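Chemist: I have a structure here, written as C-alpha cells, and I will follow up with some questions on it.
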Amino acid sequence: MIEKLQPKIEEAQAGNCQLFFVDASHFVLSAFLGYLWSFVRVFIKSPSGRQRYNVLGAFNAISHELITVTNDTYINANSIIDLMKLILERYPDCVITLVMDNARYQRCKIVMEYAKEHGIELLFLPPYSPNLNLIERLWKFVKKKCLYCKYYSDFTSFKSSISDCFFNVDKKFKGEIVTLMTLEIYKK
C-alpha cells in the first residue's frame, strides 16, 4: 500500500493532485475522563444517554483543510457520496485521490461507480491499519480538545463544541495540527 501511496503524496506535494484521507468518527455523548485520583469520594457530573454525533471527514494531507459530512443517525454509502460531492465542488478541475480504510460502505458498488464516473481515485488501506490513516490522528486530537474531562449538559452543546473544533482545525489549532499531521510515516 505504501508503494502506491508514496507517489500520490509526492504528486500532492508538487500540486498535481488533491490527496484526502477519509474516515468516520462517532462521538458519543457520555463520560470521557482523562484521569482522576483522589483520597476522598468525588462525584463528577456526567451526561447520560446514547446520542451519537457522526462525522465523516476528508482531511487534505497538504493544505490541512477538513471537509465533513455530519449527522446523528448513521454513516453509510450515501454519506460517502455526499462527501465526494463536497470535495468535487471545492476542487472541480483537480485530480482527486481519497485514501480510505476498508469499511463496507466505502467499498460498495455505488461508491465505486460514483468515484469512477467522476474521476476520483480511491486507495484502500490494508485491513486493521488505522495507524496509516492520517485522519485517525485528527479524531484523537478532537477528542482530547473537546471530550476528555469536559461536561456537556445537552447534545446541542456537545455537537457545537465538536463542530467548532473542526471549523478551527486550520485556524486556531494550525500550529498543533502542522506538527501532528505530518506525512513522515509514509516515507520509505
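In the C-alpha cells, chains take the letters A, B, ... in the order shown, each chain's residues start at 1, and ligands count up from 1 in the order shown.
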Using only C-alpha atoms, determine which residues lie at most 7 Å from Val22 in chain A, disregarding the query and same-chain residues fewer than 2 positions distant; provide the list as number ranges by chain.
Modeler: A: 20, 57-59, 98-100, 135
Chemist: List the spatial neighbours of range 5-12 of chain A as a PyMOL selection string - criterion: any atom at most 10 Å away, only C-alpha atoms, same-chain residues fewer than 4 positions off excluded.
Modeler: chain A and resi 1+16-20+60-63+95-97+99+123-125+183+186-188
Chemist: Please identify which residues in chain A DSSP calls strand (DSSP E) from the backbone, and express them as a PyMOL selection string.
Modeler: chain A and resi 18-28+52-60+66-71+96-100+120-124
Chemist: Take the selection from the previous step and output its residues with C-alpha atoms, as a CSV table (one decimal), in the first residue's frame.
Modeler:
chain,number,residue,atom,x,y,z
A,18,GLN,CA,-5.6,16.8,-4.1
A,19,LEU,CA,-4.9,13.9,-1.6
A,20,PHE,CA,-7.5,13.3,1.1
A,21,PHE,CA,-7.5,10.8,4.0
A,22,VAL,CA,-11.1,9.8,4.7
A,23,ASP,CA,-12.7,8.1,7.7
A,24,ALA,CA,-15.7,8.4,10.0
A,25,SER,CA,-15.7,9.0,13.7
A,26,HIS,CA,-18.6,8.5,16.1
A,27,PHE,CA,-18.6,10.9,19.0
A,28,VAL,CA,-20.9,9.6,21.8
A,52,ARG,CA,-24.0,10.0,18.7
A,53,TYR,CA,-22.6,12.7,16.6
A,54,ASN,CA,-21.3,11.0,13.4
A,55,VAL,CA,-18.6,12.8,11.4
A,56,LEU,CA,-17.4,11.7,8.1
A,57,GLY,CA,-14.2,13.6,7.3
A,58,ALA,CA,-11.8,14.1,4.4
A,59,PHE,CA,-8.5,15.6,5.6
A,60,ASN,CA,-6.3,17.2,2.9
A,66,LEU,CA,-11.0,19.4,6.5
A,67,ILE,CA,-14.3,18.7,4.7
A,68,THR,CA,-17.0,17.0,6.7
A,69,VAL,CA,-20.5,15.4,6.5
A,70,THR,CA,-22.2,15.1,9.8
A,71,ASN,CA,-25.4,13.6,11.2
A,96,ILE,CA,-8.6,13.8,-6.5
A,97,THR,CA,-7.4,10.8,-4.6
A,98,LEU,CA,-9.2,9.5,-1.5
A,99,VAL,CA,-7.3,7.3,0.9
A,100,MET,CA,-9.8,5.2,2.9
A,120,ILE,CA,-11.9,10.2,-8.2
A,121,GLU,CA,-9.2,7.7,-7.5
A,122,LEU,CA,-9.8,5.5,-4.4
A,123,LEU,CA,-6.8,4.0,-2.5
A,124,PHE,CA,-7.7,1.5,0.2
Chemist: Using only C-alpha atoms, which residue out of A:Tyr74, A:His64, A:Tyr151, A:Val40 lies closest to Leu180 in chain A?
Modeler: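 Between A:Tyr74, A:His64, A:Tyr151, A:Val40, the residue approaching Leu180 in chain A most closely is A:His64.
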Chemist: Which of these, A:Ile75, A:Ile162, A:Ala14, A:Leu138, has the shortest distance to Ala103 in chain A once you count only C-alpha atoms?
Modeler: A:Ile75
Chemist: Give the answer as one residue: which of A:Glu65, A:Asp154, A:Met181, A:Tyr114 has the shortest atom-to-atom distance to Leu132 in chain A, using only C-alpha atoms?
Modeler: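 Of all the options, A:Met181 lies closest to Leu132 in chain A.
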Chemist: Which residue out of A:Lys150, A:Arg137, A:Lys145, A:Arg41 has the minimum interatomic distance to Asp164 in chain A when only C-alpha atoms are used?
Modeler: A:Lys145
Chemist: Using only C-alpha atoms, can you tell me which of A:Glu176, A:Glu113, A:Glu136, A:Asp72 comes closest to Thr156 in chain A?
Modeler: A:Asp72
Chemist: Just list the residues in range 25-139 of chain A DSSP gives helix (DSSP H, G or I) on the backbone, as a PyMOL selection string.
Modeler: chain A and resi 77-90+104-107+109-117+130-132+135-139
Chemist: From the list A:Ala115, A:Leu86, A:Cys108, A:Ile177, which residue is nearest Phe141 in chain A when using only C-alpha atoms?
Modeler: A:Ile177
Chemist: Please measure the separation of CA of Tyr105 in chain A and CA of Thr182 in chain A, giving the value in Å to one decimal.
Modeler: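 CA of Tyr105 in chain A sits 27.4 Å away from CA of Thr182 in chain A.
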Chemist: In Å, how far is it from CA of Arg107 in chain A to CA of Asn76 in chain A?
Modeler: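 Pair CA of Arg107 in chain A / CA of Asn76 in chain A returns 10.7 Å.
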